[in-house]
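The structure file target.pdb is reproduced below (PDB, C-alpha atoms).
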ATOM      1  CA  MET U   1      33.397  44.142 -13.413
ATOM      2  CA  GLU U   2      31.366  41.412 -15.128
ATOM      3  CA  ALA U   3      31.489  39.299 -11.960
ATOM      4  CA  VAL U   4      30.145  42.202  -9.895
ATOM      5  CA  THR U   5      27.351  42.789 -12.422
ATOM      6  CA  SER U   6      26.448  39.094 -12.426
ATOM      7  CA  THR U   7      26.342  39.032  -8.613
ATOM      8  CA  ARG U   8      24.065  42.077  -8.552
ATOM      9  CA  GLN U   9      21.750  40.503 -11.098
ATOM     10  CA  THR U  10      21.620  37.268  -9.080
ATOM     11  CA  THR U  11      20.840  39.202  -5.898
ATOM     12  CA  LYS U  12      18.140  41.188  -7.698
ATOM     13  CA  THR U  13      16.605  38.008  -9.085
ATOM     14  CA  ARG U  14      16.502  36.453  -5.621
ATOM     15  CA  LYS U  15      14.839  39.539  -4.163
ATOM     16  CA  GLU U  16      12.222  39.495  -6.935
ATOM     17  CA  ARG U  17      11.533  35.795  -6.301
ATOM     18  CA  THR U  18      11.185  36.462  -2.578
ATOM     19  CA  LYS U  19       8.764  39.322  -3.228
ATOM     20  CA  ARG U  20       6.719  37.171  -5.599
ATOM     21  CA  PHE U  21       6.619  34.371  -3.026
ATOM     22  CA  PHE U  22       5.344  36.596  -0.223
ATOM     23  CA  ARG U  23       2.907  38.337  -2.587
ATOM     24  CA  ARG U  24       1.489  34.972  -3.678
ATOM     25  CA  ALA U  25       1.381  33.734  -0.074
ATOM     26  CA  LEU U  26      -0.538  36.877   0.924
ATOM     27  CA  GLN U  27      -3.019  36.379  -1.904
ATOM     28  CA  ASN U  28      -3.594  32.739  -0.880
ATOM     29  CA  ARG U  29      -3.507  33.333   2.870
ATOM     30  CA  TRP U  30      -6.966  31.817   3.428
ATOM     31  CA  LEU U  31      -6.021  28.653   1.564
ATOM     32  CA  TYR U  32      -2.901  28.299   3.703
ATOM     33  CA  ALA U  33      -4.982  28.932   6.824
ATOM     34  CA  MET U  34      -7.415  26.158   5.786
ATOM     35  CA  SER U  35      -4.555  23.701   5.207
ATOM     36  CA  LEU U  36      -2.790  24.531   8.497
ATOM     37  CA  PRO U  37      -4.844  22.091  10.673
ATOM     38  CA  PHE U  38      -3.962  19.215   8.320
ATOM     39  CA  VAL U  39      -0.257  20.141   8.383
ATOM     40  CA  VAL U  40      -0.359  20.173  12.188
ATOM     41  CA  TRP U  41      -2.183  16.816  12.209
ATOM     42  CA  VAL U  42       0.450  15.240   9.921
ATOM     43  CA  PHE U  43       3.280  16.642  12.043
ATOM     44  CA  ILE U  44       1.801  15.372  15.315
ATOM     45  CA  PHE U  45       0.837  11.873  14.134
ATOM     46  CA  ASN U  46       3.479  11.180  11.451
ATOM     47  CA  TYR U  47       6.647  13.069  12.302
ATOM     48  CA  LEU U  48       6.566  13.603  16.055
ATOM     49  CA  PRO U  49       6.372   9.822  16.770
ATOM     50  CA  LEU U  50       9.724   9.394  14.960
ATOM     51  CA  TRP U  51      11.291  10.488  18.248
ATOM     52  CA  GLY U  52      10.362   7.000  19.499
ATOM     53  CA  TRP U  53      12.885   5.488  17.085
ATOM     54  CA  THR U  54      15.543   6.256  19.679
ATOM     55  CA  MET U  55      14.186   3.247  21.602
ATOM     56  CA  ALA U  56      15.811   0.950  19.018
ATOM     57  CA  PHE U  57      19.237   2.125  20.174
ATOM     58  CA  GLN U  58      18.456   1.747  23.881
ATOM     59  CA  ARG U  59      17.711  -1.077  26.291
ATOM     60  CA  TYR U  60      14.385   0.569  26.964
ATOM     61  CA  LYS U  61      12.839   0.189  30.409
ATOM     62  CA  ILE U  62       9.359   1.457  31.275
ATOM     63  CA  GLY U  63       9.361   4.043  34.045
ATOM     64  CA  ARG U  64      12.775   5.490  33.278
ATOM     65  CA  SER U  65      13.208   8.929  31.749
ATOM     66  CA  PHE U  66      14.885   9.404  28.384
ATOM     67  CA  PHE U  67      18.260  10.289  29.931
ATOM     68  CA  GLU U  68      18.149   7.290  32.307
ATOM     69  CA  GLN U  69      17.886   4.720  29.498
ATOM     70  CA  GLU U  70      20.892   2.536  28.663
ATOM     71  CA  TRP U  71      22.236   3.093  25.149
ATOM     72  CA  VAL U  72      23.290  -0.101  23.336
ATOM     73  CA  GLY U  73      23.923   1.108  19.789
ATOM     74  CA  LEU U  74      23.046  -1.423  17.075
ATOM     75  CA  GLU U  75      22.669  -4.379  19.416
ATOM     76  CA  HIS U  76      18.974  -4.937  18.595
ATOM     77  CA  PHE U  77      19.611  -4.728  14.855
ATOM     78  CA  ARG U  78      22.370  -7.342  15.142
ATOM     79  CA  ALA U  79      19.999  -9.583  17.095
ATOM     80  CA  LEU U  80      17.366  -9.051  14.407
ATOM     81  CA  PHE U  81      19.611 -10.025  11.495
ATOM     82  CA  GLN U  82      20.995 -13.030  13.385
ATOM     83  CA  ASP U  83      17.533 -14.445  14.053
ATOM     84  CA  ASP U  84      16.617 -17.225  11.595
ATOM     85  CA  LEU U  85      12.932 -16.584  12.196
ATOM     86  CA  PHE U  86      13.360 -13.051  10.844
ATOM     87  CA  TYR U  87      14.288 -14.351   7.375
ATOM     88  CA  GLN U  88      11.329 -16.732   7.363
ATOM     89  CA  VAL U  89       9.029 -13.847   8.287
ATOM     90  CA  LEU U  90      10.647 -11.631   5.643
ATOM     91  CA  ARG U  91      10.053 -14.351   3.031
ATOM     92  CA  ASN U  92       6.370 -14.584   3.960
ATOM     93  CA  THR U  93       6.011 -10.810   3.858
ATOM     94  CA  LEU U  94       7.632 -10.413   0.450
ATOM     95  CA  VAL U  95       5.793 -13.343  -1.160
ATOM     96  CA  MET U  96       2.353 -12.239   0.068
ATOM     97  CA  SER U  97       3.150  -8.631  -0.836
ATOM     98  CA  LEU U  98       4.179  -9.531  -4.390
ATOM     99  CA  MET U  99       1.156 -11.780  -4.870
ATOM    100  CA  GLY U 100      -1.116  -9.054  -3.522
ATOM    101  CA  LEU U 101       0.585  -6.425  -5.693
ATOM    102  CA  VAL U 102       0.124  -8.398  -8.909
ATOM    103  CA  ALA U 103      -3.435  -9.541  -8.170
ATOM    104  CA  GLY U 104      -4.394  -6.213  -6.615
ATOM    105  CA  PHE U 105      -3.406  -4.383  -9.791
ATOM    106  CA  VAL U 106      -4.356  -6.698 -12.610
ATOM    107  CA  VAL U 107      -7.821  -7.645 -11.322
ATOM    108  CA  PRO U 108      -9.103  -4.082 -10.546
ATOM    109  CA  ILE U 109      -7.847  -2.776 -13.900
ATOM    110  CA  PHE U 110      -9.477  -5.667 -15.758
ATOM    111  CA  PHE U 111     -12.663  -5.189 -13.729
ATOM    112  CA  ALA U 112     -12.724  -1.449 -14.502
ATOM    113  CA  LEU U 113     -12.219  -2.106 -18.216
ATOM    114  CA  MET U 114     -15.030  -4.655 -18.307
ATOM    115  CA  LEU U 115     -17.374  -2.450 -16.279
ATOM    116  CA  ASN U 116     -16.661   0.485 -18.571
ATOM    117  CA  GLU U 117     -17.920  -1.541 -21.520
ATOM    118  CA  VAL U 118     -21.351  -2.068 -19.914
ATOM    119  CA  ARG U 119     -23.869   0.152 -21.678
ATOM    120  CA  GLN U 120     -26.866  -0.324 -19.336
ATOM    121  CA  MET U 121     -26.303   2.304 -16.629
ATOM    122  CA  PHE U 122     -28.573   0.675 -14.052
ATOM    123  CA  TYR U 123     -26.730  -2.653 -14.277
ATOM    124  CA  LYS U 124     -23.366  -0.874 -14.316
ATOM    125  CA  ARG U 125     -24.123   1.113 -11.156
ATOM    126  CA  PHE U 126     -25.576  -1.920  -9.423
ATOM    127  CA  VAL U 127     -22.481  -4.051 -10.117
ATOM    128  CA  GLN U 128     -20.157  -1.235  -9.070
ATOM    129  CA  THR U 129     -22.031  -0.671  -5.803
ATOM    130  CA  VAL U 130     -22.097  -4.366  -4.933
ATOM    131  CA  SER U 131     -18.400  -4.755  -5.814
ATOM    132  CA  TYR U 132     -17.083  -2.101  -3.454
ATOM    133  CA  LEU U 133     -19.349  -2.940  -0.492
ATOM    134  CA  PRO U 134     -16.885  -5.590   0.854
ATOM    135  CA  HIS U 135     -14.339  -2.795   1.347
ATOM    136  CA  PHE U 136     -16.443  -1.483   4.235
ATOM    137  CA  VAL U 137     -16.625  -4.901   5.901
ATOM    138  CA  SER U 138     -14.015  -5.413   8.623
ATOM    139  CA  TRP U 139     -11.399  -8.126   8.276
ATOM    140  CA  VAL U 140     -12.904  -9.849  11.314
ATOM    141  CA  VAL U 141     -16.111 -10.490   9.366
ATOM    142  CA  VAL U 142     -14.256 -11.347   6.146
ATOM    143  CA  ALA U 143     -12.054 -13.853   7.970
ATOM    144  CA  GLY U 144     -15.159 -15.478   9.436
ATOM    145  CA  ILE U 145     -16.772 -15.751   6.002
ATOM    146  CA  VAL U 146     -13.632 -17.201   4.396
ATOM    147  CA  THR U 147     -13.111 -19.689   7.230
ATOM    148  CA  LYS U 148     -16.723 -20.867   7.036
ATOM    149  CA  MET U 149     -16.646 -21.227   3.246
ATOM    150  CA  LEU U 150     -13.447 -23.296   3.399
ATOM    151  CA  SER U 151     -14.559 -25.389   6.372
ATOM    152  CA  THR U 152     -14.639 -29.170   6.137
ATOM    153  CA  ASP U 153     -18.016 -29.129   7.905
ATOM    154  CA  ASN U 154     -20.609 -27.958   5.336
ATOM    155  CA  GLY U 155     -18.168 -25.498   3.794
ATOM    156  CA  ALA U 156     -19.413 -24.154   0.456
ATOM    157  CA  VAL U 157     -16.133 -24.772  -1.394
ATOM    158  CA  ASN U 158     -15.709 -28.366  -0.216
ATOM    159  CA  ASP U 159     -19.390 -29.146  -0.864
ATOM    160  CA  LEU U 160     -19.127 -27.773  -4.398
ATOM    161  CA  LEU U 161     -15.934 -29.694  -5.191
ATOM    162  CA  MET U 162     -17.433 -32.928  -3.869
ATOM    163  CA  TRP U 163     -20.675 -32.349  -5.795
ATOM    164  CA  LEU U 164     -18.656 -31.880  -8.997
ATOM    165  CA  GLY U 165     -16.723 -35.053  -8.276
ATOM    166  CA  ILE U 166     -13.347 -33.295  -8.146
ATOM    167  CA  ILE U 167     -12.565 -34.565  -4.630
ATOM    168  CA  ASP U 168     -13.775 -37.543  -2.606
ATOM    169  CA  GLU U 169     -13.407 -36.051   0.870
ATOM    170  CA  PRO U 170     -13.228 -32.507   2.262
ATOM    171  CA  ILE U 171      -9.896 -30.687   2.120
ATOM    172  CA  GLN U 172      -8.608 -28.874   5.209
ATOM    173  CA  PHE U 173      -7.740 -25.655   3.399
ATOM    174  CA  MET U 174      -7.042 -23.656   6.561
ATOM    175  CA  ALA U 175      -4.568 -26.279   7.813
ATOM    176  CA  LYS U 176      -2.359 -26.340   4.697
ATOM    177  CA  GLY U 177       0.465 -23.816   4.904
ATOM    178  CA  LYS U 178       1.191 -23.872   1.173
ATOM    179  CA  LEU U 179      -2.372 -22.722   0.463
ATOM    180  CA  PHE U 180      -2.320 -19.914   3.026
ATOM    181  CA  TRP U 181      -0.703 -17.330   0.733
ATOM    182  CA  ILE U 182      -3.266 -18.029  -1.997
ATOM    183  CA  ILE U 183      -6.200 -17.830   0.445
ATOM    184  CA  VAL U 184      -5.019 -14.473   1.826
ATOM    185  CA  THR U 185      -4.476 -13.073  -1.678
ATOM    186  CA  LEU U 186      -7.879 -14.180  -2.963
ATOM    187  CA  ALA U 187      -9.628 -12.860   0.147
ATOM    188  CA  ASP U 188      -7.896  -9.493  -0.298
ATOM    189  CA  VAL U 189      -8.823  -9.358  -3.984
ATOM    190  CA  TRP U 190     -12.488 -10.087  -3.198
ATOM    191  CA  LYS U 191     -12.551  -7.407  -0.521
ATOM    192  CA  GLU U 192     -10.734  -4.595  -2.337
ATOM    193  CA  THR U 193     -11.250  -5.083  -6.093
ATOM    194  CA  GLY U 194     -14.374  -2.923  -6.372
ATOM    195  CA  TRP U 195     -12.907  -0.154  -4.238
ATOM    196  CA  ASN U 196      -9.579  -0.102  -6.112
ATOM    197  CA  ALA U 197     -11.401  -0.020  -9.448
ATOM    198  CA  ILE U 198     -13.100   3.304  -8.609
ATOM    199  CA  ILE U 199     -10.015   5.393  -9.363
ATOM    200  CA  TYR U 200      -9.500   3.606 -12.694
ATOM    201  CA  LEU U 201     -13.128   4.191 -13.633
ATOM    202  CA  ALA U 202     -12.678   7.874 -12.780
ATOM    203  CA  ALA U 203      -9.559   8.025 -14.987
ATOM    204  CA  ILE U 204     -11.405   6.270 -17.836
ATOM    205  CA  ALA U 205     -14.237   8.797 -17.557
ATOM    206  CA  GLY U 206     -11.716  11.545 -18.320
ATOM    207  CA  ILE U 207     -10.822  10.089 -21.728
ATOM    208  CA  GLY U 208     -12.410  12.066 -24.565
ATOM    209  CA  PRO U 209     -15.297  10.246 -26.320
ATOM    210  CA  GLU U 210     -14.095  11.598 -29.669
ATOM    211  CA  LEU U 211     -11.139   9.198 -29.479
ATOM    212  CA  TYR U 212     -13.493   6.218 -29.327
ATOM    213  CA  GLU U 213     -15.609   7.646 -32.157
ATOM    214  CA  ALA U 214     -12.527   8.047 -34.347
ATOM    215  CA  ALA U 215     -11.431   4.489 -33.529
ATOM    216  CA  ARG U 216     -14.864   3.113 -34.448
ATOM    217  CA  VAL U 217     -14.741   4.981 -37.738
ATOM    218  CA  ASP U 218     -11.379   3.331 -38.434
ATOM    219  CA  GLY U 219     -12.971  -0.077 -37.783
ATOM    220  CA  ALA U 220     -11.563  -0.795 -34.293
ATOM    221  CA  ASN U 221     -13.565  -3.247 -32.214
ATOM    222  CA  ARG U 222     -14.065  -2.965 -28.457
ATOM    223  CA  ILE U 223     -10.949  -4.927 -27.517
ATOM    224  CA  GLN U 224      -8.812  -2.803 -29.836
ATOM    225  CA  GLN U 225     -10.328   0.351 -28.355
ATOM    226  CA  MET U 226      -9.480  -0.828 -24.842
ATOM    227  CA  TRP U 227      -5.913  -1.700 -25.841
ATOM    228  CA  HIS U 228      -5.111   1.414 -27.905
ATOM    229  CA  ILE U 229      -7.239   4.090 -26.176
ATOM    230  CA  THR U 230      -8.422   3.138 -22.699
ATOM    231  CA  LEU U 231      -5.215   1.606 -21.338
ATOM    232  CA  PRO U 232      -2.914   4.379 -22.670
ATOM    233  CA  GLY U 233      -5.420   6.911 -21.336
ATOM    234  CA  ILE U 234      -5.075   5.614 -17.759
ATOM    235  CA  ARG U 235      -1.369   4.832 -18.007
ATOM    236  CA  THR U 236      -0.319   7.713 -15.730
ATOM    237  CA  THR U 237      -2.807   6.667 -13.054
ATOM    238  CA  ILE U 238      -1.613   3.048 -13.200
ATOM    239  CA  ILE U 239       2.062   4.001 -12.895
ATOM    240  CA  ILE U 240       1.536   6.417  -9.988
ATOM    241  CA  LEU U 241      -0.509   3.879  -8.028
ATOM    242  CA  LEU U 242       2.026   1.159  -8.829
ATOM    243  CA  ILE U 243       4.909   3.270  -7.518
ATOM    244  CA  MET U 244       3.023   4.005  -4.304
ATOM    245  CA  SER U 245       2.104   0.336  -3.897
ATOM    246  CA  ILE U 246       5.738  -0.725  -4.341
ATOM    247  CA  GLY U 247       6.658   1.742  -1.590
ATOM    248  CA  HIS U 248       4.258  -0.095   0.724
ATOM    249  CA  LEU U 249       5.361  -3.524  -0.510
ATOM    250  CA  ILE U 250       6.809  -4.609   2.818
ATOM    251  CA  SER U 251       4.182  -2.860   4.961
ATOM    252  CA  ILE U 252       1.172  -5.111   4.441
ATOM    253  CA  GLY U 253      -0.197  -4.958   7.981
ATOM    254  CA  PHE U 254      -1.081  -8.030   9.988
ATOM    255  CA  GLU U 255      -4.907  -8.167  10.199
ATOM    256  CA  LYS U 256      -5.390 -10.688   7.390
ATOM    257  CA  GLN U 257      -2.600 -12.965   8.535
ATOM    258  CA  PHE U 258      -3.564 -12.719  12.209
ATOM    259  CA  LEU U 259      -7.249 -13.513  11.640
ATOM    260  CA  LEU U 260      -6.850 -16.198   8.978
ATOM    261  CA  GLY U 261      -3.760 -17.841  10.445
ATOM    262  CA  ASN U 262      -3.465 -20.562  13.074
ATOM    263  CA  ASN U 263      -0.728 -22.661  14.664
ATOM    264  CA  LEU U 264      -0.832 -25.192  11.812
ATOM    265  CA  VAL U 265       0.167 -22.558   9.225
ATOM    266  CA  ARG U 266       2.311 -20.393  11.497
ATOM    267  CA  GLU U 267       5.385 -21.020   9.334
ATOM    268  CA  TYR U 268       3.632 -19.339   6.396
ATOM    269  CA  SER U 269       1.388 -16.778   8.110
ATOM    270  CA  GLN U 270       3.803 -14.677  10.163
ATOM    271  CA  VAL U 271       4.745 -11.317   8.608
ATOM    272  CA  LEU U 272       6.976  -8.501   9.858
ATOM    273  CA  ASP U 273       4.214  -6.665  11.707
ATOM    274  CA  LEU U 274       3.137  -9.868  13.470
ATOM    275  CA  TYR U 275       6.774 -10.606  14.237
ATOM    276  CA  ALA U 276       7.137  -7.172  15.870
ATOM    277  CA  LEU U 277       3.888  -7.678  17.779
ATOM    278  CA  ASN U 278       4.665 -11.181  19.074
ATOM    279  CA  TYR U 279       8.402 -10.958  19.689
ATOM    280  CA  GLY U 280       8.557  -7.246  20.477
ATOM    281  CA  LEU U 281       5.532  -5.862  22.290
ATOM    282  CA  GLY U 282       4.225  -9.291  23.323
ATOM    283  CA  MET U 283       7.448 -10.148  25.153
ATOM    284  CA  GLY U 284       8.098  -6.667  26.504
ATOM    285  CA  ARG U 285      11.042  -6.172  24.093
ATOM    286  CA  PHE U 286      10.026  -2.683  23.035
ATOM    287  CA  SER U 287      13.451  -1.798  21.644
ATOM    288  CA  PHE U 288      13.523  -4.949  19.503
ATOM    289  CA  GLY U 289      10.034  -4.218  18.152
ATOM    290  CA  THR U 290      11.109  -0.667  17.297
ATOM    291  CA  ALA U 291      14.145  -2.004  15.426
ATOM    292  CA  ILE U 292      11.850  -4.193  13.313
ATOM    293  CA  ASN U 293       9.646  -1.207  12.456
ATOM    294  CA  ILE U 294      12.685   0.922  11.555
ATOM    295  CA  PHE U 295      13.856  -1.820   9.190
ATOM    296  CA  ASN U 296      10.353  -1.899   7.706
ATOM    297  CA  SER U 297      10.276   1.875   7.170
ATOM    298  CA  VAL U 298      13.792   2.118   5.715
ATOM    299  CA  VAL U 299      13.139  -0.679   3.207
ATOM    300  CA  SER U 300       9.828   0.975   2.222
ATOM    301  CA  VAL U 301      11.579   4.312   1.546
ATOM    302  CA  ILE U 302      14.296   2.580  -0.499
ATOM    303  CA  LEU U 303      11.689   0.686  -2.546
ATOM    304  CA  LEU U 304       9.715   3.891  -3.142
ATOM    305  CA  PHE U 305      12.697   5.893  -4.415
ATOM    306  CA  THR U 306      13.986   2.940  -6.466
ATOM    307  CA  ALA U 307      10.623   2.369  -8.148
ATOM    308  CA  ASN U 308      10.188   6.097  -8.738
ATOM    309  CA  GLY U 309      13.658   6.375 -10.311
ATOM    310  CA  ILE U 310      13.142   3.359 -12.572
ATOM    311  CA  PHE U 311       9.744   4.521 -13.842
ATOM    312  CA  LYS U 312      11.057   8.072 -14.277
ATOM    313  CA  ARG U 313      13.823   6.824 -16.556
ATOM    314  CA  VAL U 314      11.767   4.243 -18.452
ATOM    315  CA  THR U 315       8.316   5.819 -18.768
ATOM    316  CA  LYS U 316       9.049   9.483 -17.870
ATOM    317  CA  GLU U 317       6.334   9.194 -15.205
ATOM    318  CA  SER U 318       7.003   9.698 -11.503
ATOM    319  CA  ILE U 319       5.484  10.992  -8.284
ATOM    320  CA  MET U 320       8.393  13.281  -7.376
TER     321      MET U 320
END

Spit out the file's structure as structure tokens when you get a sec.
Amino acid sequence: MEAVTSTRQTTKTRKERTKRFFRRALQNRWLYAMSLPFVVWVFIFNYLPLWGWTMAFQRYKIGRSFFEQEWVGLEHFRALFQDDLFYQVLRNTLVMSLMGLVAGFVVPIFFALMLNEVRQMFYKRFVQTVSYLPHFVSWVVVAGIVTKMLSTDNGAVNDLLMWLGIIDEPIQFMAKGKLFWIIVTLADVWKETGWNAIIYLAAIAGIGPELYEAARVDGANRIQQMWHITLPGIRTTIIILLIMSIGHLISIGFEKQFLLGNNLVREYSQVLDLYALNYGLGMGRFSFGTAINIFNSVVSVILLFTANGIFKRVTKESIM
């Protein structure tokens, strides 16, 4: 009898939840209608292309229909993991990603904290505007600027170092593989620091001014206020962005490496996306290139869920 009563109550609860859901959906029908085009856009451009992953398990030939392709199982993945060049490319990708992650987080946060301490609004807005302008400059232009500044022929960096007496002759920065990772990281920091700092400045603006007033009454100086009020106030924003950045750790694109690299630093400049472009699409090995991208996506998902789980346990903050 109790079991029957419990089942009836469960069924009644489900019906009530269903009614509430449809009632709420009816009330917000115009909001759902406004979001529908974006849902369709995401489905078409993000989920529908996943059908192309089947190419990684085929010996894909252009001109043949889907059912005419030859299925080869995990052959392309075995070829990928047996290629020594793959591990060199993976090393370059991970090292540049980690360097970019550390520099791309520490510098914008520090910049936002320093800019928040500026009391003259005109100077503050001017610096902020100038700092995020490089974000809108294409990597083609940025690569040209960096190459010219590091050139041995009237390059600004070499001229400055020689004028200071640090070096006796120009250094070929763009021909030294061991310096390539640093050059790419610094170029990325210069380009994106101002833009990345915007969200931290917005989070800082949401901190109540009464907290700073109370800290000043207690005798806290500016550094102590930043450490005990500002940083804890933007902690959630920092963690969420860090989790998302870790998810994209292995997907760093190829524009920077392609434009700043050359044959002399090829051993240090190739990343996974360039590897897929050169040894997949460039050689007509579409299935092999797809296998590389699947590896990239799977590792990104694993990193995202791992980072989210760790931060959820340690800091009680997560994105899901």

Closest of U:Ala79, U:Ile145, U:Leu304, U:Leu94 to Ile246 in chain U - atom-to-atom distances counting only C-alpha atoms: U:Leu304

Å distance separating CA of Gln58 in chain U from CA of Tyr279 in chain U, one decimal place: 16.7 Å

Ground truth for the PyMOL selection byres ((chain U and resi 205) around 12), written as a PyMOL selection string: chain U and resi 112-113+115-117+198-204+206-209+230+233-234

Residues within 7 Å of Val265 in chain U, all atoms listed in the file, excluding chain neighbours under 5 positions, as a list in words: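 Once the nearby chain positions are removed, what remains is Ala175, Lys176 and Gly177 of chain U.
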
Target residues per the PyMOL selection byres ((chain U and resi 236) around 12), formatted as a PyMOL selection string: chain U and resi 199-200+203-204+230-235+237-243+311-312+315-319

CA of Gly247 in chain U to CA of Ser300 in chain U, straight-line distance in Å: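 CA of Ser300 in chain U sits 5.0 Å away from CA of Gly247 in chain U.
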
Selection result of the PyMOL selection byres ((chain U and resi 149) around 12) on this file, as a PyMOL selection string: chain U and resi 142-148+150-161+170-174+183+187

Sel. within 12 Å of pt (14.0, -2.7, 29.1), counting only C-alpha atoms, output as number ranges by chain: U: 55-65, 68-72, 76, 280-281, 283-289

Point-to-point distance from CA of Val39 in chain U to CA of Ile294 in chain U, Å rounded to tenths: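 Taking CA of Val39 in chain U as the start and CA of Ile294 in chain U as the end point, the length is 23.4 Å.
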
Sphere at (4.0, -3.8, -0.4), radius 8 Å, counting only C-alpha atoms: residues as a list in words: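 Here is the list of nearby residues: Leu94, Ser97, Leu98, Gly100, Leu101, Ser245, Ile246, Gly247, His248, Leu249, Ile250, Ser251, Ile252 and Ser300 of chain U.
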
Which residue of U:Thr13, U:Ser297, U:Asn278, U:Gln257 approaches Trp139 in chain U most closely, using all atoms listed in the file: U:Gln257

Using all atoms listed in the file: which of U:Val106, U:Leu260, U:Leu277, U:Leu272 has the shortest distance to Asn196 in chain U: U:Val106

Exercise: Ser138 in chain U partners within 12 Å, only C-alpha atoms, chain neighbours under 6 positions left out, as a count of residues only: 8

Closest of U:Arg216, U:Lys19, U:Lys124, U:Arg313 to His228 in chain U - atom-to-atom distances counting all atoms listed in the file: U:Arg216
